[in-house]
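Remarks on the structure that follows.
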Amino acid sequence: MNKQAFTFLTLFTLMMMLAVYYVTLPVETKKLDANDLIVTTETDPFEYYKTEKQKQEEEKRNQNEQVISSSTATSEEKLEALSQNSLMDAVAVFENLVQDHLKENGFESCFIEKNNEIVRVVLPSEFNSQQNALKVIQLIHEISDENVFVEVSFE
């Protein structure tokens, strides 16, 4: 018998043994525990977005404060942390300005997030229309000093 046939028969036998093994394994039936289910208590997705964003900002600020107060950090690292904090403050001011401007124009309970040159706006599904999306984009471009891309979505 040549080597190829011997190798084929060996591998084929091994695969057959594994197949028989897996077929004869007992089936484990796990009972579903109510504590294992993930239950969200928040019904408003906008509140969830806002709390998650606040957590991330707070975490980033804490990291920057640790760098600023660290005795081992270099001057450049401390300046970078300070500039990140001031940038986060400027972004928060811009987001609040956009939020107020949209509320004045009838878009209540929206979520605004600015990352670099992208402004993400999430509106309730009751505003779901192309005209409302264009109106939101125009309103944001009216108050923005810089050239930003606006992403509008509805939930």
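Labels used: A, B, ... for chains in the order of the structure tokens, numbers from 1 for residues in each chain, and numbers from 1 for ligands as shown.
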message: Using DSSP assignments from the backbone, pull out every residue in stretch 122-152 of chain A that falls under strand (DSSP E or B) and give it to me as a list in words.
response: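 Restricting stretch 122-152 of chain A to strand (DSSP E or B) produces Val122, Leu123, Phe149, Val150, Glu151 and Val152 of chain A.
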Members of stretch 2-138 of chain A assigned alpha helix (DSSP H) by DSSP, as a PyMOL selection string: chain A and resi 3-24+45-69+75-104+130-138
For A:Pro45, please output as a PDB file with N, CA, C and O atoms, in the first residue's frame all residues within 10 Å (counting only C-alpha atoms; exclusion window: fewer than 5 positions along the same chain).
ATOM      1  N   LYS A  50     -27.096  59.660  26.176  1.00  0.00           N
ATOM      2  CA  LYS A  50     -26.537  60.762  26.955  1.00  0.00           C
ATOM      3  C   LYS A  50     -25.739  60.246  28.151  1.00  0.00           C
ATOM      4  O   LYS A  50     -24.650  60.749  28.433  1.00  0.00           O
ATOM      5  N   THR A  51     -26.260  59.245  28.849  1.00  0.00           N
ATOM      6  CA  THR A  51     -25.535  58.723  30.011  1.00  0.00           C
ATOM      7  C   THR A  51     -24.249  58.030  29.588  1.00  0.00           C
ATOM      8  O   THR A  51     -23.222  58.173  30.256  1.00  0.00           O
ATOM      9  N   CYS A 110     -33.460  65.370  21.209  1.00  0.00           N
ATOM     10  CA  CYS A 110     -32.527  64.806  20.255  1.00  0.00           C
ATOM     11  C   CYS A 110     -31.175  64.614  20.936  1.00  0.00           C
ATOM     12  O   CYS A 110     -30.912  65.173  21.994  1.00  0.00           O
ATOM     13  N   PHE A 111     -30.356  63.793  20.334  1.00  0.00           N
ATOM     14  CA  PHE A 111     -29.019  63.521  20.851  1.00  0.00           C
ATOM     15  C   PHE A 111     -28.012  64.041  19.844  1.00  0.00           C
ATOM     16  O   PHE A 111     -28.097  63.744  18.656  1.00  0.00           O
ATOM     17  N   VAL A 122     -29.239  62.311  16.438  1.00  0.00           N
ATOM     18  CA  VAL A 122     -30.241  61.246  16.477  1.00  0.00           C
ATOM     19  C   VAL A 122     -31.548  61.878  16.911  1.00  0.00           C
ATOM     20  O   VAL A 122     -31.638  62.481  17.981  1.00  0.00           O
ATOM     21  N   PRO A 124     -35.974  61.510  17.281  1.00  0.00           N
ATOM     22  CA  PRO A 124     -37.038  60.516  17.448  1.00  0.00           C
ATOM     23  C   PRO A 124     -37.646  60.139  16.097  1.00  0.00           C
ATOM     24  O   PRO A 124     -37.627  60.921  15.144  1.00  0.00           O
ATOM     25  N   GLU A 155     -34.554  57.332  15.467  1.00  0.00           N
ATOM     26  CA  GLU A 155     -34.859  56.140  16.268  1.00  0.00           C
ATOM     27  C   GLU A 155     -36.182  56.300  16.957  1.00  0.00           C
ATOM     28  O   GLU A 155     -36.590  57.324  17.356  1.00  0.00           O
TER      29      GLU A 155
END
task: Work out how far atom CA of A:Val91 is from atom CA of A:Glu142, in Å to one decimal.
output: 16.7 Å
task: Would you list the contacts of A:Gly106 as an MDAnalysis selection string, taking every protein, DNA or RNA residue within 12 Å and counting only C-alpha atoms, but skipping same-chain residues closer than 6 positions in sequence?
output: chainID A and resid 99:100 123:124 126:127 132 135:136 139
Grab the residues selected above and save them as a PDB file, in the first residue's frame with C-alpha atoms.
ATOM      1  CA  GLN A  99     -29.232  71.270  20.984  1.00  0.00           C
ATOM      2  CA  ASP A 100     -30.751  74.637  21.923  1.00  0.00           C
ATOM      3  CA  LEU A 123     -33.874  62.307  16.333  1.00  0.00           C
ATOM      4  CA  PRO A 124     -37.038  60.516  17.448  1.00  0.00           C
ATOM      5  CA  GLU A 126     -41.673  60.875  14.687  1.00  0.00           C
ATOM      6  CA  PHE A 127     -39.433  63.298  12.747  1.00  0.00           C
ATOM      7  CA  ASN A 132     -36.584  67.117   8.510  1.00  0.00           C
ATOM      8  CA  LYS A 135     -33.699  71.053   7.836  1.00  0.00           C
ATOM      9  CA  VAL A 136     -31.511  69.756  10.672  1.00  0.00           C
ATOM     10  CA  LEU A 139     -29.776  74.488  11.005  1.00  0.00           C
TER      11      LEU A 139
END
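The spacing separating atom CA of A:Asn105 from atom CA of A:Ile140 amounts to 11.3 Å.
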task: Name the residues in contact with A:Glu117 at a cut-off of 8 Å, using only C-alpha atoms, excluding same-chain residues fewer than 5 positions from it; report them as a ChimeraX atom specification.
output: /A:147-149
What's around A:Glu65 at 8 Å? Count only C-alpha atoms, leave out sequence neighbours fewer than 4 positions away in its own chain, and write the answer as a short mmCIF file (atom, residue, chain, number, x, y, z; two decimals) with N, CA and C atoms, in the first residue's frame.
data_model
loop_
_atom_site.label_atom_id
_atom_site.label_comp_id
_atom_site.auth_asym_id
_atom_site.auth_seq_id
_atom_site.Cartn_x
_atom_site.Cartn_y
_atom_site.Cartn_z
N ARG A 61 -11.83 62.61 31.14
CA ARG A 61 -11.39 63.73 31.99
C ARG A 61 -10.58 63.22 33.18
N SER A 69 -1.88 65.72 37.14
CA SER A 69 -1.41 65.71 38.53
C SER A 69 -0.24 64.76 38.76
N ALA A 81 -2.86 66.85 27.78
CA ALA A 81 -4.04 66.56 28.60
C ALA A 81 -4.87 67.82 28.81
#
query: Taking only C-alpha atoms into account, which of A:Val23, A:Thr7, A:Thr72, A:Lys60 comes nearest A:Met88?
result: A:Lys60
query: Interatomic distance between atom CA of A:Phe154 and atom CA of A:Asn128?
result: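 Between these atoms lies a distance of 5.9 Å.
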If we count only C-alpha atoms and set the cut-off at 12 Å, which residues sit around A:Glu95, ignoring sequence neighbours fewer than 6 positions away in its own chain? Please answer as a PDB file with C-alpha atoms, in the first residue's frame.
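Full text of part.pdb as output:
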ATOM      1  CA  LYS A  50     -26.537  60.762  26.955  1.00  0.00           C
ATOM      2  CA  MET A  88     -13.802  68.614  25.251  1.00  0.00           C
ATOM      3  CA  ASP A  89     -15.181  71.817  26.811  1.00  0.00           C
ATOM      4  CA  HIS A 101     -30.991  75.741  18.289  1.00  0.00           C
ATOM      5  CA  LEU A 102     -32.760  72.520  17.302  1.00  0.00           C
ATOM      6  CA  CYS A 110     -32.527  64.806  20.255  1.00  0.00           C
ATOM      7  CA  PHE A 111     -29.019  63.521  20.851  1.00  0.00           C
ATOM      8  CA  ILE A 112     -26.024  65.395  19.475  1.00  0.00           C
ATOM      9  CA  GLU A 113     -22.447  64.155  19.402  1.00  0.00           C
ATOM     10  CA  LYS A 114     -19.506  65.852  17.707  1.00  0.00           C
ATOM     11  CA  ASN A 115     -16.391  63.874  16.782  1.00  0.00           C
ATOM     12  CA  ILE A 118     -18.631  64.906  12.098  1.00  0.00           C
ATOM     13  CA  VAL A 119     -21.765  65.961  13.957  1.00  0.00           C
ATOM     14  CA  ARG A 120     -24.060  63.029  14.694  1.00  0.00           C
ATOM     15  CA  VAL A 121     -27.710  63.859  15.375  1.00  0.00           C
ATOM     16  CA  ILE A 140     -26.443  73.035  12.085  1.00  0.00           C
ATOM     17  CA  ILE A 143     -24.563  78.036  13.571  1.00  0.00           C
ATOM     18  CA  SER A 144     -21.337  76.210  12.789  1.00  0.00           C
TER      19      SER A 144
END
field: Residue nearest A:Phe94 among A:Tyr48, A:Asp145, A:Gln54, A:Gln130 (counting only C-alpha atoms)
entry: A:Asp145
